[in-house]
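The block underneath contains the structure these notes are about, expressed in structure tokens.
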Number of protein chains: 2
Amino acid sequence: MALVVQKYGGSSVATIENIQKIAERIIRTYNSGNDVVVVVSAMSGETNRLIAMTRELCGPSCGRDYDLVVSTGEQVSLGLLAMSMTALGYNARSYLGWQLPITTDSNHANAGINKVNPGKILADLKKGAIVVIAGFQGIDAKGTITTLGRGGADTSAVAIADAIKADVCEIYTDYEGLYSADPAICKEARKIRRISYDEMLEFASLGSQVLQTRSLELAKRCNVAIHVRSSFSEHTGTLVTKEDEEMEGILVTGIVYDKSEAKIAVIGVPDKPGIAAQILTALSDAAIPVDMIVQNAGQGGLADITFSVKKSDLPQAAVITNQIAGNLQAKEVVSDENISKVSIVGLGMRSHTGVAAKMFSALAFNNINIQMISTSDIKIAVAIEEKYTELAVRVLHEAFCVPNPAAVPAGSTH
Amino acid sequence: MALVVQKYGGSSVATIENIQKIAERIIRTYNSGNDVVVVVSAMSGETNRLIAMTRELCGPSCGRDYDLVVSTGEQVSLGLLAMSMTALGYNARSYLGWQLPITTDSNHANAGINKVNPGKILADLKKGAIVVIAGFQGIDAKGTITTLGRGGADTSAVAIADAIKADVCEIYTDYEGLYSADPAICKEARKIRRISYDEMLEFASLGSQVLQTRSLELAKRCNVAIHVRSSFSEHTGTLVTKEDEEMEGILVTGIVYDKSEAKIAVIGVPDKPGIAAQILTALSDAAIPVDMIVQNAGQGGLADITFSVKKSDLPQAAVITNQIAGNLQAKEVVSDENISKVSIVGLGMRSHTGVAAKMFSALAFNNINIQMISTSDIKIAVAIEEKYTELAVRVLHEAFCVPNPAAVPAGSTH
């Protein structure tokens with residue numbers, strides 16, 4: 001008896017058989033008395049196939065015709081999913097972005113949604129229809145098809161859920177939900193029942209690839225509850241929702257790790273203002289994002305500056321840093337790909353002291369050396385030698401997450 | 001210095017390389033000072049791939065979502081062709097059916113065009129743009145995407161040419177144009193420079209698969225000149241246009257053959273009214289089209305009825321005919337797949353007598369027996385034993401088409 005938005009994509013709609021299974025699943029939700037609006041993304045592999053063809057013709061910037069080509073991926077899965085429900089005798093009503101419309105800006109290949117018109121969706125629901133909508137696409141003020149960028153179907157689903165005031169936006173993934181740690185590493189990891197938008201944003205940016213950051217920011221702004229769950233089971237997943245007292249009572253919700261970063265250290269630069277800024281400005285001009293940054297005052301008026309970048313950006317970042325370091329007459333520049341970042345995330349940190357101390361002690365007790373530290377009010381991240389990643393996750397989970405009243409054991413059905 | 005509609009499809013846009021070649025060809029036409037509107041159909045194989053997926057989900061009748069899925073084939077080739085011209089520095093403006101719009105009825109998978117709105121096309125041409133439009137698709141009054149049925153992009157091109165009052169509608173094919181006979185059979189076959197709509201309709205329905213019948217009927221009704229020519233050469237092809245005195249002066253424009261039909265003969269039925277009607281009604285009820293029909297009064301108050309159907313329909317047609325023949329107490333029913341149909345087509349037949357006599361004499365002189373005859377005012381078709389097909393084509397070409405002032409030798413550049 002709820003108004004539910006369900007988003008399916010990737011492997012959920014990879015084959016005709018999977019599409020039929022999803023159709024049956026949607027119908028079960030509908031037959032339980034719910035109003036159902038489905039958002040669908042392209043069959044897995046299809047978007048890459050389409051992008052590859054455009055690349056052959058015009059490289060990375062193809063203008064509006066890129067969106068015209070790439071948006072067909074969702075159009076195909078939309079039609080196939082709707083017709084499979086029609087074939088089962090249900091009234092499925094399909095809509096492309098421009099047919100509702102979902103209006104966006106004209107930033108082709110990476111457009112932002114301005115507005116979802118809820119009129120047709122609500123009218124169809126009133127008639128008892130199951131509404132199916134192509135994700136990832138919209139139409140701009142000139143009547144041109146636009147696309148939202150990779151993972152944009154999540155954003156479509158949240159924007160649609162907001163527009164029709166849905167009770168929940170269910171995002172179907174290959175995962176059962178979010179865990180207090182990677183269950184492949186940590187046997188004690190438990191499924192997180194409820195998590196706040198801010199915690200989830202930290203999880204997302206710290207390496208959990210479950211939800212697109214942009215869709216989360218929109219969900220937080222519009223207060224849309226997101227239920228992350230699996231297409232392949234009926235288990236309850238993880239509810240991402242606004243924070244409440246129960247959540248604030250939990251010190252650490254989960255442990256996340258990320259092996260995609262590398263470290264660059266500039267050793268022995270003059271310890272005076274503006275040095276770090278010079279390096280970071282040059283990297284920023286080259287569109288290389290920097291994550292963690294530390295600066296140590298060294299001996300004899302010299303300092304060391306250390307920061308992390310994506311491993312894929314390391315070669316270019318090293319060249320740029322070496323140039324600047326030469327100008328600064330630094331002693332040397334050292335790169336290290338052999339690091340990983342392990343983080344603890346939890347709303348409770350805001351109101352509790354001693355969390356960092358407990359974290360660093362637990363690591364030290366296991367002889368894991370901390371190379372860099374970065375914090376926000378709800379997370380503490382440390383860079384460590386990569387080979388200690390799994391041990392650090394287990395140690396920190398043991399220290400902070402067991403027992404955890406907001407979590408259930410991995411594999412549990414609730 | 002003309003307003004030209006060019007339609008490309010199938011193998012012309014089969015690969016990225018072919019699309020680039022077509023883009024260069026269009027740009028050559030544009031740079032010669034012409035206003036160019038391009039209509040494009042799907043990359044070859046793509047429509048079949050899309051249809052196959054829909055078939056798995058809902059068999060032959062999938063409703064409006066069939067059109068949603070299948071129309072993406074044209075959307076992809078539209079975007080790719082437009083972006084390849086943009087990449088070459090030209091202002092190419094792409095339009096889907098709904099963006100112009102091209103309005104149609106709601107007969108999904110086989111819609112008929114109601115109107116092409118020329119406004120955006122003409123405005124873009126005025127700005128110096130090359131306009132590219134997806135063929136085969138439109139939008140109905142409910143805002144739903146429709147498709148026109150197989151070969152529908154030809155019809156789109158003709159309707160667009162009519163709406164913008166183009167000077168010519170060029171249909172690009174794998175052929176150099178239309179020939180007075182199949183050049184693979186008849187060395188003397190010549191390219192037909194000009195042919196009337198009615199002759200071309202006879203050619204099309206008699207087995208030449210160059211143009212869709214529906215597009216020809218529209219071109220005739222709206223008086224749109226069609227230039228059938230090859231994507232792979234710059235040679236002038238065949239102009240399909242309204243008839244004039246020059247065409248009427250030509251007795252036979254060309255010879256066509258068709259090996260796709262089979263013959264059923266019902267021997268020894270009572271020679272009284274209504275017998276043929278019974279058989280034909282039963283076949284019509286089973287949606288089996290009948291082409292040629294003859295009835296011979298036989299001996300002793302008995303008649304023979306002979307007719308032709310597509311070879312693919314023969315098994316079902318034979319079953320139905322045997323049932324009726326049993327009720328009529330016919331002597332026997334004989335099927336024969338071993339026939340072909342050879343036809344002569346020409347406007348001049350209307351005003352000249354003796355054409356049939358000359359045709360039958362030529363065949364008889366070569367010992368080719370005629371099994372059935374069917375005529376219209378501009379064609380005479382005969383069914384003969386299949387093995388004589390090639391001989392009959394050569395004999396009739398020799399009798400009627402050499403020399404032919406409206407034709408040029410095969411392989412000529414003009």
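Identifiers in the structure tokens: chain A, B, ... in order shown; residue index from 1 per chain; ligand index from 1 in order shown.
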
Give me, as a PDB file with C-alpha atoms, in the first residue's frame, all polymer residues having an atom no more than 6 Å from region 120-135 of chain A, counting only C-alpha atoms and skipping those fewer than 2 positions away in the same chain.
```pdb
ATOM      1  CA  VAL A  36       4.789   1.128  -8.914  1.00  0.00           C
ATOM      2  CA  VAL A  37       6.939   3.414 -11.068  1.00  0.00           C
ATOM      3  CA  VAL A  38       9.976   1.747 -12.633  1.00  0.00           C
ATOM      4  CA  VAL A  39      13.118   3.523 -13.857  1.00  0.00           C
ATOM      5  CA  VAL A  40      15.337   1.486 -16.139  1.00  0.00           C
ATOM      6  CA  SER A  41      18.842   1.931 -17.468  1.00  0.00           C
ATOM      7  CA  GLU A  74      17.672   3.068 -22.207  1.00  0.00           C
ATOM      8  CA  LEU A  78      12.453   0.537 -21.555  1.00  0.00           C
ATOM      9  CA  ASN A  91      -1.081  -2.377 -18.205  1.00  0.00           C
ATOM     10  CA  ALA A  92       2.506  -1.112 -18.476  1.00  0.00           C
ATOM     11  CA  ARG A  93       2.943   2.455 -19.734  1.00  0.00           C
ATOM     12  CA  SER A  94       6.375   3.412 -21.042  1.00  0.00           C
ATOM     13  CA  TYR A  95       7.838   6.923 -21.159  1.00  0.00           C
ATOM     14  CA  LEU A  96      11.035   8.363 -22.561  1.00  0.00           C
ATOM     15  CA  PRO A 118       4.661  14.263 -12.576  1.00  0.00           C
ATOM     16  CA  GLN A 137      17.865  11.004 -20.143  1.00  0.00           C
ATOM     17  CA  ALA A 153      19.674   6.588 -13.962  1.00  0.00           C
ATOM     18  CA  SER A 156      16.562  10.020 -12.578  1.00  0.00           C
TER      19      SER A 156
END
```

inquiry  = as a list in words, please: the residues near Gly268 (chain A) (cut-off 12 Å, only C-alpha atoms, same-chain neighbours under 2 positions excluded).
reply    =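 The filter keeps Ala265, Val266, Pro270, Asp271, Lys272, Ile275, Gln295, Asn296, Ala297, Gly298, Gln299, Gly300, Gly301, Leu302, Ala303, Asp304, Ile305, Thr306, Ala325, Gly326, Leu328, Gln329, Ala330, Lys331, Glu332, Val333 and Val334 of chain A.
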
task = For chain A, work out the contacting residues on chain B at 6 Å, counting only C-alpha atoms, and write them as a list in words.
result =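 Listing them in order of chain and number gives Leu57, Cys58, Asp65, Leu68, Val69, Thr72, Val76, Gly79, Met83, Ser84 and Ala87 of chain B.
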
Atoms kept (C-alpha atoms) for selection, written as a tab-separated table (two decimals), in the first residue's frame:
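Written file, selection_34.tsv:
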```
chain	number	residue	atom	x	y	z
B	57	LEU	CA	9.14	-11.25	-25.27
B	58	CYS	CA	5.80	-10.94	-27.01
B	65	ASP	CA	6.59	-0.65	-27.28
B	68	LEU	CA	9.82	2.28	-29.21
B	69	VAL	CA	12.47	-0.44	-29.44
B	72	THR	CA	16.24	3.15	-32.03
B	76	VAL	CA	21.62	5.55	-33.76
B	79	GLY	CA	23.22	10.52	-34.59
B	83	MET	CA	28.11	13.79	-35.79
B	84	SER	CA	30.41	12.60	-38.56
B	87	ALA	CA	33.34	16.37	-36.96
```

Sorted by chain and rising residue number, list the residues of region 331-370 of chain A at most 10 Å from region 182-198 of chain A (counting only C-alpha atoms), each with its closest atom pair and distance in Å to one decimal, as a tab-separated table.
```
residue	atom	partner	partner_atom	distance
A:Val345	CA	A:Asp198	CA	9.5
A:Gly346	CA	A:Ile195	CA	9.0
A:Leu347	CA	A:Ser196	CA	8.0
```

task = From region 123-350 of chain B, collect each residue whose DSSP state is strand (DSSP E) and return the set as a ChimeraX atom specification.
result = /B:130-134,137-139,145-147,168-173,190-192,194-196,226-230,238-241,254-258,261-270,290-297,302-310,332-336,339-345

request  = Excluding region 100-104 of chain B and residues on its chain fewer than 4 positions from it, collect all residues at most 6 Å away from it, counting only C-alpha atoms, and give them as a list in words.
outcome  =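 So, after excluding close chain neighbours, the residues are Gly112, Ile113, Asn114, Lys115, Val116, Asn117, Gly138, Ile139 and Asp140 of chain B.
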
Hey, can you spit out that residue selection with N, CA and C atoms as a compact mmCIF listing (two decimals), in the first residue's frame?
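Saved result, again.txt, follows:
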```txt
# COMPACT_ATOMS: atom_id res chain seq x y z
N GLY B 112 0.92 4.86 -41.08
CA GLY B 112 0.89 5.69 -42.29
C GLY B 112 1.12 7.14 -41.91
N ILE B 113 1.90 7.84 -42.74
CA ILE B 113 2.22 9.25 -42.46
C ILE B 113 1.00 10.12 -42.74
N ASN B 114 0.66 11.00 -41.78
CA ASN B 114 -0.38 11.99 -42.02
C ASN B 114 0.22 13.27 -42.57
N LYS B 115 1.30 13.75 -41.93
CA LYS B 115 1.84 15.05 -42.32
C LYS B 115 3.30 15.18 -41.88
N VAL B 116 4.09 15.78 -42.72
CA VAL B 116 5.45 16.17 -42.34
C VAL B 116 5.46 17.67 -42.15
N ASN B 117 5.82 18.13 -40.95
CA ASN B 117 5.90 19.57 -40.71
C ASN B 117 7.23 20.09 -41.26
N GLY B 138 7.68 8.09 -36.84
CA GLY B 138 6.92 9.31 -36.63
C GLY B 138 6.33 9.30 -35.23
N ILE B 139 5.30 10.13 -35.04
CA ILE B 139 4.65 10.22 -33.74
C ILE B 139 3.15 10.32 -33.98
N ASP B 140 2.37 9.64 -33.16
CA ASP B 140 0.92 9.69 -33.37
C ASP B 140 0.30 10.78 -32.50
```

Distance query Val5 (chain B) at most 9 Å, only C-alpha atoms, self and fewer than 4 positions along chain excluded, as a CSV table (one decimal) with C-alpha atoms, in the first residue's frame:
```csv
chain,number,residue,atom,x,y,z
B,35,ASP,CA,20.4,22.5,-50.2
B,36,VAL,CA,20.5,18.9,-48.8
B,37,VAL,CA,18.1,17.0,-46.5
B,38,VAL,CA,19.2,13.5,-45.7
B,39,VAL,CA,16.9,10.7,-44.6
B,157,ALA,CA,12.0,10.4,-47.8
B,158,VAL,CA,9.2,10.8,-50.3
B,160,ILE,CA,9.6,14.8,-46.7
B,161,ALA,CA,10.5,15.7,-50.3
B,166,ALA,CA,12.2,19.3,-53.1
B,167,ASP,CA,13.4,19.2,-56.7
B,168,VAL,CA,14.3,15.5,-56.4
B,169,CYS,CA,14.2,12.6,-53.9
B,170,GLU,CA,17.4,10.5,-54.4
B,171,ILE,CA,17.1,6.9,-53.1
```

inquiry  = Using DSSP assignments from the backbone, pull out every residue in region 61-310 of chain B that falls under helix (DSSP H, G or I) and give it to me as a PyMOL selection string.
reply    = chain B and resi 64-70+72-87+97-99+119-126+152-163+197-205+213-222+245-248+275-285

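Comparing A:Asn223, A:Ile378, A:Gly10, A:Leu178 by their smallest distance to Gly151 (chain A), the closest is A:Gly10 (using only C-alpha atoms).
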